[in-house]
>>> print(open('my_file-v5.tsv').read())   # TSV, C-alpha atoms
chain	number	residue	atom	x	y	z
A	1	MET	CA	0.00	0.00	0.00
A	2	SER	CA	1.43	3.37	-1.02
A	3	ASP	CA	2.36	5.91	1.69
A	4	ARG	CA	1.37	8.80	-0.57
A	5	THR	CA	-1.70	10.71	0.62
A	6	GLU	CA	-3.82	13.03	-1.50
A	7	VAL	CA	-5.62	15.60	0.63
A	8	ASN	CA	-9.08	16.56	-0.52
A	9	LEU	CA	-9.33	20.37	-0.60
A	10	SER	CA	-12.86	20.59	-1.88
A	11	GLY	CA	-14.98	23.05	0.04
A	12	VAL	CA	-12.05	25.21	1.22
A	13	LYS	CA	-13.96	28.41	0.57
A	14	GLN	CA	-16.74	27.27	2.89
A	15	SER	CA	-14.26	26.41	5.68
A	16	LYS	CA	-13.96	28.68	8.69
A	17	GLY	CA	-11.06	31.07	9.27
A	18	VAL	CA	-8.51	30.32	11.99
A	19	TRP	CA	-5.63	32.14	13.68
A	20	LEU	CA	-2.08	30.82	13.65
A	21	VAL	CA	-0.55	31.91	16.99
A	22	LYS	CA	2.95	31.22	18.31
A	23	VAL	CA	2.97	30.72	22.09
A	24	PRO	CA	5.84	30.34	24.62
A	25	LYS	CA	6.84	26.81	25.54
A	26	TYR	CA	5.96	27.22	29.23
A	27	LEU	CA	2.45	28.32	28.27
A	28	SER	CA	1.79	25.18	26.22
A	29	GLN	CA	3.11	23.11	29.14
A	30	GLN	CA	0.60	24.77	31.46
A	31	TRP	CA	-2.22	24.07	29.02
A	32	ASP	CA	-1.32	20.37	29.05
A	33	LYS	CA	-1.87	20.34	32.83
A	34	ALA	CA	-5.47	21.54	32.53
A	35	THR	CA	-8.36	19.13	32.96
A	36	GLU	CA	-10.16	17.79	29.91
A	37	LYS	CA	-13.03	20.28	30.10
A	38	GLY	CA	-11.22	22.93	32.13
A	39	GLU	CA	-10.73	26.54	31.13
A	40	VAL	CA	-7.15	27.52	30.16
A	41	GLY	CA	-7.81	31.25	29.81
A	42	LYS	CA	-9.68	34.01	28.03
A	43	ILE	CA	-8.99	36.12	24.94
A	44	THR	CA	-10.08	39.75	24.92
A	45	ILE	CA	-10.31	41.76	21.70
A	46	GLY	CA	-10.58	45.54	21.85
A	47	LYS	CA	-9.58	48.72	20.08
A	48	LYS	CA	-7.23	51.46	21.19
A	49	GLN	CA	-6.61	54.54	19.08
A	50	GLY	CA	-8.14	52.78	16.10
A	51	LYS	CA	-5.92	49.69	16.41
A	52	THR	CA	-7.14	46.24	17.34
A	53	GLU	CA	-5.61	44.88	20.53
A	54	VAL	CA	-5.75	41.19	21.45
A	55	CYS	CA	-4.68	39.76	24.79
A	56	PHE	CA	-4.74	36.25	26.26
A	57	SER	CA	-5.22	35.91	30.03
A	58	LEU	CA	-4.14	32.61	31.56
A	59	SER	CA	-6.56	31.21	34.11
A	60	ALA	CA	-5.65	31.78	37.77
A	61	GLU	CA	-5.71	28.03	38.42
A	62	LEU	CA	-3.02	27.30	35.84
A	63	SER	CA	-0.88	30.29	36.76
A	64	ALA	CA	-0.74	29.05	40.35
A	65	LEU	CA	0.48	25.62	39.34
A	66	HIS	CA	4.19	24.84	39.52
A	67	SER	CA	5.86	25.10	36.14
A	68	ALA	CA	8.29	22.48	34.90
A	69	VAL	CA	11.25	24.50	36.08
A	70	GLY	CA	9.66	25.97	39.22
A	71	GLU	CA	8.80	22.91	41.24
A	72	LYS	CA	11.36	23.87	43.89
A	73	ASP	CA	9.97	27.36	44.28
A	74	GLY	CA	6.44	27.43	45.70
A	75	ALA	CA	6.16	31.23	45.28
A	76	LEU	CA	6.67	31.09	41.50
A	77	GLN	CA	3.73	32.34	39.45
A	78	VAL	CA	3.48	31.83	35.71
A	79	PRO	CA	2.77	35.12	33.86
A	80	ARG	CA	-0.92	35.52	33.16
A	81	GLU	CA	-1.21	38.40	30.71
A	82	HIS	CA	-0.02	37.74	27.14
A	83	PRO	CA	-0.67	40.49	24.55
A	84	PHE	CA	-0.71	39.45	20.89
A	85	THR	CA	1.67	40.90	18.32
A	86	MET	CA	-0.26	40.69	15.07
A	87	HIS	CA	1.30	39.88	11.67
A	88	THR	CA	-0.11	39.76	8.19
A	89	VAL	CA	-0.49	36.47	6.36
A	90	GLY	CA	1.61	38.00	3.61
A	91	GLY	CA	-0.19	36.51	0.62
A	92	GLN	CA	0.49	32.96	1.83
A	93	THR	CA	-2.16	30.28	1.66
A	94	MET	CA	-2.04	28.24	4.86
A	95	ALA	CA	-4.47	25.69	6.21
A	96	VAL	CA	-4.86	23.88	9.53
A	97	PHE	CA	-5.49	20.13	9.65
A	98	SER	CA	-6.01	17.84	12.60
A	99	GLN	CA	-5.40	14.13	12.90
A	100	SER	CA	-7.42	11.76	15.04
A	101	SER	CA	-7.92	8.02	15.33
A	102	THR	CA	-10.98	6.39	13.81
A	103	GLY	CA	-12.18	4.58	16.89
A	104	GLN	CA	-15.83	5.46	16.07
A	105	SER	CA	-17.70	3.96	13.18
A	106	ALA	CA	-19.48	7.20	12.28
A	107	ALA	CA	-19.00	8.67	8.83
A	108	PRO	CA	-16.17	11.23	8.51
A	109	PRO	CA	-17.11	14.93	8.44
A	110	PRO	CA	-16.96	16.96	5.20
A	111	HIS	CA	-13.58	18.09	3.85
A	112	THR	CA	-11.92	15.03	5.45
A	113	GLN	CA	-9.24	12.87	3.83
A	114	ILE	CA	-8.84	9.33	5.21
A	115	CYS	CA	-5.08	8.63	5.19
A	116	ASN	CA	-5.29	4.98	6.27
A	117	SER	CA	-7.45	2.63	8.31
A	118	HIS	CA	-6.39	4.21	11.62
A	119	CYS	CA	-6.48	8.01	11.18
A	120	ARG	CA	-8.38	10.88	9.60
A	121	ILE	CA	-7.12	14.30	8.61
A	122	PRO	CA	-10.00	16.81	8.65
A	123	LEU	CA	-9.56	20.35	7.41
A	124	GLU	CA	-10.11	22.69	10.37
A	125	GLY	CA	-9.85	25.97	8.50
A	126	MET	CA	-7.78	28.49	6.55
A	127	VAL	CA	-5.32	30.79	8.29
A	128	VAL	CA	-6.58	34.36	8.19
A	129	HIS	CA	-4.35	35.92	10.89
A	130	ARG	CA	-0.86	35.28	12.26
A	131	ALA	CA	0.23	36.42	15.73
A	132	GLU	CA	2.75	35.95	18.51
A	133	CYS	CA	1.62	35.53	22.10
A	134	ARG	CA	4.17	37.32	24.31
A	135	PRO	CA	4.10	37.67	28.11
A	136	VAL	CA	4.18	40.98	29.94
A	137	VAL	CA	7.68	41.48	31.35
A	138	ASN	CA	7.24	41.69	35.13
A	139	ASP	CA	8.77	40.15	38.27
A	140	ASN	CA	7.05	36.79	37.75
A	141	TYR	CA	8.32	36.59	34.18
A	142	MET	CA	11.90	37.47	35.20
A	143	LYS	CA	11.83	34.81	37.94
A	144	LEU	CA	10.62	32.26	35.43
A	145	LYS	CA	13.37	33.13	32.93
A	146	LYS	CA	15.95	32.97	35.71
A	147	LEU	CA	14.86	29.46	36.66
A	148	GLN	CA	14.76	28.38	33.01
A	149	LEU	CA	18.31	29.62	32.51
A	150	LYS	CA	19.45	27.90	35.68
A	151	GLU	CA	17.95	24.60	34.55
A	152	SER	CA	19.47	24.87	31.06
A	153	THR	CA	22.98	25.33	32.47
A	154	LYS	CA	22.83	22.23	34.64
A	155	PRO	CA	25.17	19.50	33.34
A	156	GLN	CA	23.52	16.40	31.96
A	157	ARG	CA	26.02	14.18	33.78
A	158	LEU	CA	27.27	14.62	37.32
A	159	SER	CA	30.36	13.12	38.96
A	160	GLN	CA	29.86	11.47	42.32
A	161	GLN	CA	32.49	10.55	44.88
A	162	LEU	CA	32.19	6.96	46.09
A	163	GLU	CA	32.75	6.10	49.71
A	164	ARG	CA	33.97	2.61	48.85
A	165	ALA	CA	35.06	0.80	45.73
A	166	ILE	CA	32.47	-1.10	43.71
A	167	THR	CA	33.74	-4.66	43.42
A	168	THR	CA	30.73	-6.29	41.78
A	169	VAL	CA	31.16	-4.75	38.31
A	170	PHE	CA	34.45	-2.86	38.14
A	171	LYS	CA	36.62	-5.24	40.09
A	172	PRO	CA	40.33	-4.25	40.03
A	173	VAL	CA	42.62	-6.79	38.38
A	174	ALA	CA	46.38	-7.21	38.57
A	175	ASN	CA	46.65	-7.69	34.83
A	176	HIS	CA	44.16	-7.23	32.01
A	177	ASP	CA	43.05	-9.97	29.64
A	178	PHE	CA	44.69	-8.46	26.56
A	179	ASN	CA	48.04	-8.31	28.38
A	180	LEU	CA	47.72	-11.96	29.44
A	181	GLU	CA	46.85	-12.96	25.89
A	182	TYR	CA	49.87	-11.11	24.53
A	183	GLU	CA	52.21	-12.78	27.03
A	184	LYS	CA	50.75	-16.18	26.22
A	185	LYS	CA	51.24	-15.61	22.51
A	186	LYS	CA	54.79	-14.44	23.07
A	187	LYS	CA	55.62	-17.57	25.06
A	188	SER	CA	53.99	-19.87	22.52
A	189	GLU	CA	56.12	-18.43	19.72
A	190	GLY	CA	59.23	-18.98	21.83
A	191	LYS	CA	62.60	-17.34	21.50
A	192	MET	CA	64.34	-17.13	18.15
A	193	VAL	CA	66.61	-20.12	17.71
A	194	ARG	CA	69.71	-19.95	15.54
A	195	ALA	CA	69.35	-21.98	12.39
A	196	GLU	CA	72.26	-23.55	10.50
A	197	ARG	CA	74.46	-21.00	8.79
A	198	GLN	CA	73.85	-22.36	5.27
A	199	VAL	CA	70.08	-22.28	5.83
A	200	VAL	CA	70.26	-18.62	6.83
A	201	LEU	CA	72.48	-17.81	3.83
A	202	ASP	CA	70.00	-19.42	1.47
A	203	MET	CA	67.16	-17.39	2.95
A	204	LEU	CA	69.16	-14.16	2.67
A	205	PHE	CA	70.21	-14.76	-0.94
A	206	SER	CA	66.65	-15.61	-1.88
A	207	THR	CA	65.43	-12.44	-0.17
A	208	PHE	CA	67.93	-10.15	-1.88
A	209	GLU	CA	66.84	-11.52	-5.26
A	210	LYS	CA	63.54	-9.67	-4.76
A	211	HIS	CA	64.94	-6.31	-3.56
A	212	GLN	CA	68.36	-4.73	-3.35
A	213	TYR	CA	68.04	-2.99	0.01
A	214	TYR	CA	66.66	-4.19	3.36
A	215	ASN	CA	66.86	-2.85	6.89
A	216	ILE	CA	67.82	-5.20	9.69
A	217	LYS	CA	64.31	-5.29	11.15
A	218	ASP	CA	62.84	-6.62	7.91
A	219	LEU	CA	65.55	-9.25	7.65
A	220	VAL	CA	64.82	-10.39	11.22
A	221	ASP	CA	61.10	-10.73	10.41
A	222	ILE	CA	61.87	-12.72	7.25
A	223	THR	CA	64.50	-15.09	8.62
A	224	ARG	CA	63.24	-15.28	12.24
A	225	GLN	CA	66.86	-15.17	13.44
A	226	PRO	CA	68.40	-13.30	16.40
A	227	VAL	CA	69.65	-9.81	15.53
A	228	THR	CA	73.26	-10.38	16.64
A	229	TYR	CA	73.53	-13.64	14.71
A	230	LEU	CA	72.00	-12.07	11.60
A	231	LYS	CA	74.31	-9.04	11.71
A	232	GLU	CA	77.30	-11.34	12.04
A	233	ILE	CA	76.37	-13.09	8.78
A	234	MET	CA	75.47	-9.85	6.99
A	235	ARG	CA	78.90	-8.37	7.75
A	236	GLU	CA	80.42	-11.20	5.75
A	237	ILE	CA	78.14	-11.11	2.71
A	238	GLY	CA	76.75	-7.60	2.80
A	239	THR	CA	77.48	-3.90	3.09
A	240	TYR	CA	75.79	-1.48	5.48
A	241	ASN	CA	74.80	1.92	4.04
A	242	SER	CA	75.36	4.57	6.69
A	243	LYS	CA	74.50	7.51	4.41
A	244	GLY	CA	72.91	8.40	1.14
A	245	ALA	CA	69.47	7.65	-0.23
A	246	HIS	CA	69.47	4.13	1.25
A	247	LYS	CA	70.74	5.06	4.69
A	248	SER	CA	70.42	2.41	7.46
A	249	THR	CA	69.94	-0.47	5.00
A	250	TRP	CA	71.92	-3.53	3.99
A	251	GLU	CA	72.82	-4.78	0.51
A	252	LEU	CA	74.89	-7.70	-0.78
A	253	LYS	CA	78.54	-7.28	-1.60
A	254	PRO	CA	79.36	-7.17	-5.33
A	255	GLU	CA	80.73	-10.72	-5.33
A	256	TYR	CA	77.44	-12.11	-3.98
A	257	ARG	CA	74.94	-10.30	-6.18
A	258	HIS	CA	73.91	-10.88	-9.77
A	259	TYR	CA	73.18	-7.21	-10.53
A	260	GLN	CA	75.13	-3.97	-10.58
A	261	SER	CA	74.64	-1.18	-8.07
A	262	ALA	CA	73.82	2.35	-9.18
A	263	GLU	CA	77.45	3.46	-8.70
A	264	GLU	CA	78.76	0.55	-10.74
A	265	GLU	CA	76.32	1.29	-13.56
A	266	GLU	CA	77.54	4.89	-13.71
A	267	GLU	CA	81.18	3.76	-13.79
A	268	THR	CA	80.39	1.29	-16.62
A	269	LYS	CA	78.69	4.02	-18.66
A	270	ALA	CA	81.57	6.42	-18.07
A	271	ALA	CA	84.06	3.80	-19.30
>>> encode(input="my_file-v5.tsv", output="structure tokens")
Amino acid sequence: MSDRTEVNLSGVKQSKGVWLVKVPKYLSQQWDKATEKGEVGKITIGKKQGKTEVCFSLSAELSALHSAVGEKDGALQVPREHPFTMHTVGGQTMAVFSQSSTGQSAAPPPHTQICNSHCRIPLEGMVVHRAECRPVVNDNYMKLKKLQLKESTKPQRLSQQLERAITTVFKPVANHDFNLEYEKKKKSEGKMVRAERQVVLDMLFSTFEKHQYYNIKDLVDITRQPVTYLKEIMREIGTYNSKGAHKSTWELKPEYRHYQSAEEEEETKAA
């Protein structure tokens, strides 16, 4: 079944006009605490000097309740008076829809699009006014903002000093598992044992057929021979480069290699 939903906009002109109002977060939290059929406040519309003035007054019952950030302060009162700052729609076409479950078997109201078997999206109306609901700045409002700021600066995680060590989960150990595994592996491999001289020579000659230069570490990894023993053999068949482009590497002496070094090639060309 496709997730795409086509909303039926027939009868938009007959739909009622609604206001799109932005309210503070604490105000919506107070509304959620009201009873199902309780009164959340009143809206007064008047005129002053030819201009329309709109104001929302929060009910005394909800203003006396503790806000989410003021539970520790019994004297905190949520601001009650909230004048509207009106804005034009600005040529935009905006509509308000609501979604509800279809628990009842009654037929859906007009201008309703059924999105699936569990919900309906009725058209509530077209937006004719936009406004912002702002509180009057007084002592109660400043106390509320102070508490909100205090709550927002609290760290999400707190460090706590323990009176005694926790041994059930984080039990101290003398040595960790990965260290024990490494030591076990090291012992299983054993120490490098000297092989017969001719065997080592064969491995070295075979290695130097692939590349001309090797450092001592690579030769140890290839032959698996002790460093001192390997250096002793290399001094007889090889030359150590202490400078130049191949510094700190070994190469075979001319009598043991089947190729010419770069210096020898230059001397041959010069001759």
>>> atom_distance(input="my_file-v5.tsv", atom1="CA of Arg197 in chain A", atom2="CA of Lys243 in chain A")
28.8 Å
>>> atom_distance(input="my_file-v5.tsv", atom1="CA of Thr85 in chain A", atom2="CA of Arg134 in chain A")
7.4 Å
>>> residues_around(input="my_file-v5.tsv", residues="range 124-130 of chain A", least_positions_apart="2", cutoff="8 Å", atoms="only C-alpha atoms", output="mmCIF file with C-alpha atoms, in the coordinates of the input")
data_model
loop_
_atom_site.group_PDB
_atom_site.id
_atom_site.type_symbol
_atom_site.label_atom_id
_atom_site.label_comp_id
_atom_site.auth_asym_id
_atom_site.auth_seq_id
_atom_site.Cartn_x
_atom_site.Cartn_y
_atom_site.Cartn_z
ATOM 1 C CA VAL A 12 -12.050 25.210 1.220
ATOM 2 C CA SER A 15 -14.260 26.410 5.680
ATOM 3 C CA LYS A 16 -13.960 28.680 8.690
ATOM 4 C CA GLY A 17 -11.060 31.070 9.270
ATOM 5 C CA VAL A 18 -8.510 30.320 11.990
ATOM 6 C CA TRP A 19 -5.630 32.140 13.680
ATOM 7 C CA LEU A 20 -2.080 30.820 13.650
ATOM 8 C CA VAL A 21 -0.550 31.910 16.990
ATOM 9 C CA MET A 86 -0.260 40.690 15.070
ATOM 10 C CA HIS A 87 1.300 39.880 11.670
ATOM 11 C CA THR A 88 -0.110 39.760 8.190
ATOM 12 C CA VAL A 89 -0.490 36.470 6.360
ATOM 13 C CA THR A 93 -2.160 30.280 1.660
ATOM 14 C CA MET A 94 -2.040 28.240 4.860
ATOM 15 C CA ALA A 95 -4.470 25.690 6.210
ATOM 16 C CA VAL A 96 -4.860 23.880 9.530
ATOM 17 C CA PHE A 97 -5.490 20.130 9.650
ATOM 18 C CA SER A 98 -6.010 17.840 12.600
ATOM 19 C CA PRO A 122 -10.000 16.810 8.650
ATOM 20 C CA GLU A 132 2.750 35.950 18.510
#
>>> closest_residue(input="my_file-v5.tsv", among="A:Gln160, A:Thr249, A:Ser57, A:Asn241", to="Asn215 in chain A", atoms="only C-alpha atoms")
A:Thr249
>>> closest_residue(input="my_file-v5.tsv", among="A:Leu27, A:Val199, A:Ile166, A:Leu58", to="Val40 in chain A", atoms="only C-alpha atoms")
A:Leu58
>>> atom_distance(input="my_file-v5.tsv", atom1="CA of Ala60 in chain A", atom2="CA of Lys42 in chain A")
10.8 Å
>>> residues_near_point(input="my_file-v5.tsv", point="(-8.2, 33.0, 28.8)", cutoff="12 Å", atoms="all atoms listed in the file", output="JSON, numbers by chain")
{"A": [27, 31, 38, 39, 40, 41, 42, 43, 44, 45, 54, 55, 56, 57, 58, 59, 60, 61, 62, 63, 80, 81, 82, 83]}
>>> residues_around(input="my_file-v5.tsv", residues="Phe205 in chain A", least_positions_apart="6", cutoff="10 Å", atoms="all atoms listed in the file", output="VMD selection string")
chain A and resid 237 252 256 to 257
